[in-house]
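Chemist: Sharing data-v6.pdb here; it has PDB, N, CA and C atoms.
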```pdb
ATOM      1  N   MET O  76     -17.434  52.598  37.000
ATOM      2  CA  MET O  76     -16.702  52.444  38.228
ATOM      3  C   MET O  76     -15.479  53.380  38.233
ATOM      4  N   LYS O  77     -14.994  53.680  37.046
ATOM      5  CA  LYS O  77     -13.861  54.606  36.959
ATOM      6  C   LYS O  77     -14.266  55.983  37.486
ATOM      7  N   PHE O  78     -15.491  56.416  37.197
ATOM      8  CA  PHE O  78     -15.979  57.693  37.708
ATOM      9  C   PHE O  78     -15.980  57.692  39.237
ATOM     10  N   VAL O  79     -16.452  56.608  39.841
ATOM     11  CA  VAL O  79     -16.495  56.513  41.299
ATOM     12  C   VAL O  79     -15.080  56.590  41.866
ATOM     13  N   GLN O  80     -14.154  55.904  41.230
ATOM     14  CA  GLN O  80     -12.758  55.954  41.675
ATOM     15  C   GLN O  80     -12.215  57.383  41.571
ATOM     16  N   ASN O  81     -12.433  58.021  40.439
ATOM     17  CA  ASN O  81     -11.941  59.389  40.256
ATOM     18  C   ASN O  81     -12.573  60.350  41.261
ATOM     19  N   LEU O  82     -13.855  60.185  41.522
ATOM     20  CA  LEU O  82     -14.539  61.029  42.489
ATOM     21  C   LEU O  82     -13.976  60.820  43.891
ATOM     22  N   ALA O  83     -13.753  59.578  44.266
ATOM     23  CA  ALA O  83     -13.198  59.278  45.594
ATOM     24  C   ALA O  83     -11.793  59.845  45.754
ATOM     25  N   ILE O  84     -10.989  59.733  44.721
ATOM     26  CA  ILE O  84      -9.627  60.285  44.772
ATOM     27  C   ILE O  84      -9.681  61.798  44.888
ATOM     28  N   ALA O  85     -10.530  62.434  44.080
ATOM     29  CA  ALA O  85     -10.658  63.891  44.141
ATOM     30  C   ALA O  85     -11.142  64.329  45.517
ATOM     31  N   TYR O  86     -12.094  63.603  46.076
ATOM     32  CA  TYR O  86     -12.615  63.948  47.402
ATOM     33  C   TYR O  86     -11.522  63.826  48.457
ATOM     34  N   SER O  87     -10.793  62.728  48.436
ATOM     35  CA  SER O  87      -9.764  62.507  49.463
ATOM     36  C   SER O  87      -8.587  63.473  49.323
ATOM     37  N   ASN O  88      -8.365  63.988  48.119
ATOM     38  CA  ASN O  88      -7.262  64.930  47.886
ATOM     39  C   ASN O  88      -7.728  66.381  47.877
ATOM     40  N   ASN O  89      -8.995  66.604  48.272
ATOM     41  CA  ASN O  89      -9.578  67.946  48.235
ATOM     42  C   ASN O  89      -9.448  68.550  46.829
ATOM     43  N   GLY O  90      -9.678  67.681  45.838
ATOM     44  CA  GLY O  90      -9.491  68.086  44.451
ATOM     45  C   GLY O  90     -10.805  68.325  43.724
ATOM     46  N   TYR O  91     -10.709  68.345  42.412
ATOM     47  CA  TYR O  91     -11.835  68.683  41.550
ATOM     48  C   TYR O  91     -12.137  67.537  40.590
ATOM     49  N   ILE O  92     -13.400  67.466  40.209
ATOM     50  CA  ILE O  92     -13.821  66.518  39.189
ATOM     51  C   ILE O  92     -14.733  67.271  38.223
ATOM     52  N   TYR O  93     -14.386  67.241  36.954
ATOM     53  CA  TYR O  93     -15.120  67.975  35.916
ATOM     54  C   TYR O  93     -15.291  69.451  36.282
ATOM     55  N   GLY O  94     -14.265  70.003  36.920
ATOM     56  CA  GLY O  94     -14.267  71.418  37.250
ATOM     57  C   GLY O  94     -14.991  71.785  38.543
ATOM     58  N   TYR O  95     -15.502  70.802  39.249
ATOM     59  CA  TYR O  95     -16.225  71.049  40.497
ATOM     60  C   TYR O  95     -15.444  70.460  41.669
ATOM     61  N   SER O  96     -15.502  71.158  42.805
ATOM     62  CA  SER O  96     -14.889  70.639  44.019
ATOM     63  C   SER O  96     -15.611  69.357  44.421
ATOM     64  N   ALA O  97     -14.868  68.259  44.511
ATOM     65  CA  ALA O  97     -15.474  66.977  44.878
ATOM     66  C   ALA O  97     -16.064  67.051  46.284
ATOM     67  N   LYS O  98     -15.379  67.721  47.188
ATOM     68  CA  LYS O  98     -15.870  67.840  48.562
ATOM     69  C   LYS O  98     -17.169  68.643  48.599
ATOM     70  N   ALA O  99     -17.204  69.792  47.931
ATOM     71  CA  ALA O  99     -18.413  70.618  47.911
ATOM     72  C   ALA O  99     -19.569  69.858  47.262
ATOM     73  N   LEU O 100     -19.263  69.133  46.222
ATOM     74  CA  LEU O 100     -20.290  68.366  45.524
ATOM     75  C   LEU O 100     -20.887  67.303  46.445
ATOM     76  N   LEU O 101     -20.022  66.488  47.043
ATOM     77  CA  LEU O 101     -20.521  65.392  47.872
ATOM     78  C   LEU O 101     -21.083  65.862  49.208
ATOM     79  N   ASP O 102     -20.709  67.048  49.628
ATOM     80  CA  ASP O 102     -21.302  67.600  50.851
ATOM     81  C   ASP O 102     -22.703  68.158  50.605
ATOM     82  N   SER O 103     -23.072  68.346  49.338
ATOM     83  CA  SER O 103     -24.361  68.970  49.055
ATOM     84  C   SER O 103     -25.355  68.073  48.320
ATOM     85  N   VAL O 104     -24.907  66.949  47.807
ATOM     86  CA  VAL O 104     -25.809  66.053  47.076
ATOM     87  C   VAL O 104     -25.518  64.599  47.442
ATOM     88  N   SER O 105     -26.437  63.743  47.084
ATOM     89  CA  SER O 105     -26.223  62.300  47.190
ATOM     90  C   SER O 105     -26.081  61.749  45.784
ATOM     91  N   ILE O 106     -25.120  60.890  45.615
ATOM     92  CA  ILE O 106     -24.917  60.250  44.313
ATOM     93  C   ILE O 106     -25.061  58.746  44.526
ATOM     94  N   TYR O 107     -25.947  58.152  43.750
ATOM     95  CA  TYR O 107     -26.153  56.711  43.822
ATOM     96  C   TYR O 107     -25.543  56.086  42.573
ATOM     97  N   VAL O 108     -24.730  55.082  42.770
ATOM     98  CA  VAL O 108     -24.078  54.399  41.660
ATOM     99  C   VAL O 108     -24.623  52.974  41.615
ATOM    100  N   VAL O 109     -25.149  52.612  40.456
ATOM    101  CA  VAL O 109     -25.695  51.275  40.275
ATOM    102  C   VAL O 109     -24.942  50.624  39.118
ATOM    103  N   PRO O 110     -23.996  49.768  39.436
ATOM    104  CA  PRO O 110     -23.240  49.121  38.356
ATOM    105  C   PRO O 110     -24.153  48.219  37.523
ATOM    106  N   MET O 111     -23.872  48.152  36.243
ATOM    107  CA  MET O 111     -24.652  47.314  35.346
ATOM    108  C   MET O 111     -24.194  45.867  35.522
ATOM    109  N   CYS O 112     -25.123  45.006  35.874
ATOM    110  CA  CYS O 112     -24.795  43.605  36.124
ATOM    111  C   CYS O 112     -24.966  42.734  34.887
ATOM    112  N   ASN O 113     -25.647  43.224  33.891
ATOM    113  CA  ASN O 113     -25.964  42.409  32.733
ATOM    114  C   ASN O 113     -25.785  43.212  31.440
ATOM    115  N   PRO O 114     -24.551  43.644  31.153
ATOM    116  CA  PRO O 114     -24.375  44.513  29.980
ATOM    117  C   PRO O 114     -24.723  43.843  28.658
ATOM    118  N   ASP O 115     -24.502  42.548  28.532
ATOM    119  CA  ASP O 115     -24.841  41.914  27.259
ATOM    120  C   ASP O 115     -26.350  41.828  27.077
ATOM    121  N   GLY O 116     -27.089  41.646  28.159
ATOM    122  CA  GLY O 116     -28.546  41.665  28.069
ATOM    123  C   GLY O 116     -29.063  43.035  27.679
ATOM    124  N   VAL O 117     -28.431  44.076  28.182
ATOM    125  CA  VAL O 117     -28.795  45.443  27.808
ATOM    126  C   VAL O 117     -28.535  45.646  26.322
ATOM    127  N   ASP O 118     -27.385  45.190  25.848
ATOM    128  CA  ASP O 118     -27.073  45.300  24.417
ATOM    129  C   ASP O 118     -28.120  44.573  23.571
ATOM    130  N   LEU O 119     -28.560  43.433  24.041
ATOM    131  CA  LEU O 119     -29.566  42.667  23.315
ATOM    132  C   LEU O 119     -30.878  43.449  23.219
ATOM    133  N   VAL O 120     -31.363  43.953  24.336
ATOM    134  CA  VAL O 120     -32.638  44.666  24.366
ATOM    135  C   VAL O 120     -32.569  45.979  23.591
ATOM    136  N   ASN O 121     -31.421  46.646  23.616
ATOM    137  CA  ASN O 121     -31.267  47.926  22.917
ATOM    138  C   ASN O 121     -30.956  47.773  21.436
ATOM    139  N   GLY O 122     -30.826  46.551  20.967
ATOM    140  CA  GLY O 122     -30.570  46.319  19.552
ATOM    141  C   GLY O 122     -29.123  46.503  19.136
ATOM    142  N   ALA O 123     -28.200  46.513  20.103
ATOM    143  CA  ALA O 123     -26.788  46.712  19.785
ATOM    144  C   ALA O 123     -26.112  45.427  19.293
ATOM    145  N   ILE O 124     -26.797  44.318  19.390
ATOM    146  CA  ILE O 124     -26.242  43.045  18.922
ATOM    147  C   ILE O 124     -26.949  42.664  17.630
ATOM    148  N   SER O 125     -26.173  42.393  16.622
ATOM    149  CA  SER O 125     -26.713  42.051  15.310
ATOM    150  C   SER O 125     -27.561  40.786  15.378
ATOM    151  N   ARG O 126     -28.676  40.830  14.682
ATOM    152  CA  ARG O 126     -29.554  39.657  14.623
ATOM    153  C   ARG O 126     -28.878  38.478  13.917
ATOM    154  N   ASP O 127     -27.804  38.756  13.214
ATOM    155  CA  ASP O 127     -27.073  37.695  12.526
ATOM    156  C   ASP O 127     -25.978  37.068  13.392
ATOM    157  N   SER O 128     -25.723  37.648  14.559
ATOM    158  CA  SER O 128     -24.636  37.137  15.394
ATOM    159  C   SER O 128     -25.036  35.834  16.073
ATOM    160  N   LYS O 129     -24.036  35.039  16.391
ATOM    161  CA  LYS O 129     -24.308  33.770  17.075
ATOM    162  C   LYS O 129     -24.886  34.017  18.472
ATOM    163  N   PHE O 130     -24.549  35.139  19.092
ATOM    164  CA  PHE O 130     -25.057  35.442  20.426
ATOM    165  C   PHE O 130     -26.550  35.718  20.388
ATOM    166  N   TYR O 131     -26.971  36.483  19.389
ATOM    167  CA  TYR O 131     -28.397  36.778  19.225
ATOM    168  C   TYR O 131     -29.162  35.491  18.932
ATOM    169  N   LYS O 132     -28.626  34.700  18.019
ATOM    170  CA  LYS O 132     -29.296  33.455  17.647
ATOM    171  C   LYS O 132     -29.384  32.506  18.833
ATOM    172  N   ASN O 133     -28.345  32.478  19.673
ATOM    173  CA  ASN O 133     -28.367  31.646  20.872
ATOM    174  C   ASN O 133     -29.453  32.122  21.828
ATOM    175  N   ALA O 134     -29.567  33.418  22.002
ATOM    176  CA  ALA O 134     -30.601  33.977  22.879
ATOM    177  C   ALA O 134     -31.996  33.658  22.343
ATOM    178  N   VAL O 135     -32.169  33.731  21.030
ATOM    179  CA  VAL O 135     -33.457  33.383  20.416
ATOM    180  C   VAL O 135     -33.799  31.927  20.728
ATOM    181  N   ASP O 136     -32.812  31.040  20.567
ATOM    182  CA  ASP O 136     -33.048  29.615  20.856
ATOM    183  C   ASP O 136     -33.476  29.407  22.306
ATOM    184  N   ILE O 137     -32.797  30.073  23.224
ATOM    185  CA  ILE O 137     -33.145  29.941  24.643
ATOM    186  C   ILE O 137     -34.536  30.507  24.895
ATOM    187  N   SER O 138     -34.846  31.638  24.275
ATOM    188  CA  SER O 138     -36.134  32.304  24.520
ATOM    189  C   SER O 138     -37.319  31.462  24.063
ATOM    190  N   ARG O 139     -37.102  30.586  23.126
ATOM    191  CA  ARG O 139     -38.203  29.734  22.635
ATOM    192  C   ARG O 139     -38.748  28.825  23.740
ATOM    193  N   LYS O 140     -37.939  28.577  24.757
ATOM    194  CA  LYS O 140     -38.387  27.752  25.887
ATOM    195  C   LYS O 140     -39.337  28.528  26.799
ATOM    196  N   TYR O 141     -39.410  29.847  26.603
ATOM    197  CA  TYR O 141     -40.222  30.716  27.463
ATOM    198  C   TYR O 141     -41.113  31.611  26.594
ATOM    199  N   PRO O 142     -42.071  31.030  25.906
ATOM    200  CA  PRO O 142     -42.869  31.797  24.943
ATOM    201  C   PRO O 142     -43.695  32.921  25.565
ATOM    202  N   SER O 143     -43.927  32.883  26.866
ATOM    203  CA  SER O 143     -44.723  33.946  27.493
ATOM    204  C   SER O 143     -43.914  35.223  27.730
ATOM    205  N   ILE O 144     -42.592  35.149  27.548
ATOM    206  CA  ILE O 144     -41.733  36.328  27.731
ATOM    207  C   ILE O 144     -41.443  36.921  26.363
ATOM    208  N   PRO O 145     -41.823  38.182  26.126
ATOM    209  CA  PRO O 145     -41.557  38.792  24.822
ATOM    210  C   PRO O 145     -40.057  38.890  24.555
ATOM    211  N   PHE O 146     -39.666  38.536  23.360
ATOM    212  CA  PHE O 146     -38.249  38.582  22.995
ATOM    213  C   PHE O 146     -38.032  39.635  21.914
ATOM    214  N   PRO O 147     -37.040  40.503  22.032
ATOM    215  CA  PRO O 147     -36.087  40.602  23.130
ATOM    216  C   PRO O 147     -36.501  41.582  24.222
ATOM    217  N   SER O 148     -37.603  42.301  24.049
ATOM    218  CA  SER O 148     -37.940  43.390  24.975
ATOM    219  C   SER O 148     -38.127  42.928  26.418
ATOM    220  N   GLY O 149     -38.574  41.725  26.637
ATOM    221  CA  GLY O 149     -38.793  41.241  27.994
ATOM    222  C   GLY O 149     -37.679  40.370  28.521
ATOM    223  N   TRP O 150     -36.663  40.204  27.713
ATOM    224  CA  TRP O 150     -35.573  39.307  28.062
ATOM    225  C   TRP O 150     -34.752  39.876  29.213
ATOM    226  N   LYS O 151     -34.483  39.057  30.222
ATOM    227  CA  LYS O 151     -33.753  39.516  31.407
ATOM    228  C   LYS O 151     -32.548  38.627  31.720
ATOM    229  N   ALA O 152     -32.091  37.841  30.787
ATOM    230  CA  ALA O 152     -31.023  36.890  31.062
ATOM    231  C   ALA O 152     -29.749  37.256  30.306
ATOM    232  N   ASN O 153     -28.636  36.740  30.771
ATOM    233  CA  ASN O 153     -27.388  36.884  30.045
ATOM    234  C   ASN O 153     -27.492  36.132  28.721
ATOM    235  N   ILE O 154     -26.722  36.580  27.751
ATOM    236  CA  ILE O 154     -26.764  35.900  26.452
ATOM    237  C   ILE O 154     -25.490  35.125  26.180
ATOM    238  N   LEU O 155     -24.621  35.061  27.163
ATOM    239  CA  LEU O 155     -23.415  34.239  27.087
ATOM    240  C   LEU O 155     -22.525  34.599  25.906
ATOM    241  N   ARG O 156     -21.993  35.808  25.937
ATOM    242  CA  ARG O 156     -21.096  36.263  24.863
ATOM    243  C   ARG O 156     -19.665  35.878  25.205
ATOM    244  N   HIS O 157     -19.375  34.617  25.172
ATOM    245  CA  HIS O 157     -18.003  34.143  25.469
ATOM    246  C   HIS O 157     -17.343  33.640  24.222
TER
END
```
The structure in this file should be written as structure tokens.

Modeler:
Amino acid sequence: MKFVQNLAIAYSNNGYIYGYSAKALLDSVSIYVVPMCNPDGVDLVNGAISRDSKFYKNAVDISRKYPSIPFPSGWKANILRH
């Protein structure tokens, strides 16, 4: 989201972003921004969360209720890292 903010500021100030004119860039291309809604789930699927962590173990416990969903590759839920 910081990139979007910086791009908007550069565009409104007729400025540059990463060495490119923001106005020229946005006048010639479309940029789609899709914020990540489930970063902890992404971390789980990508293996960034240790299998020894309480968060991973909690997700494993929850996944046992849904044996038809492969874990963790098919997991689509938050893992509650609070």

Chemist: Name the residues that the PyMOL selection byres (((chain O and resi 110 and name CA) around 12) and name CA) picks from the file above, as a list in words, using the file's chain letters and numbers.

Modeler: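 So the PyMOL selection byres (((chain O and resi 110 and name CA) around 12) and name CA) ends up selecting Met76, Lys77, Phe78, Val79, Tyr107, Val108, Val109, Met111, Cys112, Asn113 and Pro114 of chain O.
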
Chemist: In Å, rounded to a single decimal, give me how far CA of Ser105 in chain O is from CA of Ser87 in chain O.

Modeler: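 Value for the CA of Ser87 in chain O-CA of Ser105 in chain O distance: 16.6 Å.
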
Chemist: Write out as lines of an AutoDock Vina configuration file an axis-aligned box for range 112-124 of chain O: all of its atoms listed in the file, 6 Å added on each side, centre and edge lengths in Å with one decimal.

Modeler:
```
center_x = -28.5
center_y = 44.8
center_z = 26.9
size_x = 20.3
size_y = 18.3
size_z = 30.5
```

Chemist: Between CA of Gly116 in chain O and CA of Trp150 in chain O, what is the distance, to one decimal in Å?

Modeler: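 The value is 7.4 Å.
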
Chemist: Would you mind reading off the distance between CA of Val117 in chain O and CA of Pro147 in chain O, one decimal, in Å?

Modeler: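 CA of Val117 in chain O sits 9.9 Å away from CA of Pro147 in chain O.
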
Chemist: Could you write out, as a ChimeraX atom specification, all the residues of chain O that DSSP marks as strand (DSSP E)?

Modeler: /O:91-92,95-96

Chemist: Could you give me the residues within chain O that DSSP places in alpha helix (DSSP H), as a ChimeraX atom specification?

Modeler: /O:77-87,97-103,114-120,129-138

Chemist: Select, from O:Gly149, O:Tyr86, O:Val135, O:Asp102, the residue with the minimum atom-to-atom distance to Val120 in chain O, counting all atoms listed in the file.

Modeler: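 Closest candidate: O:Gly149.
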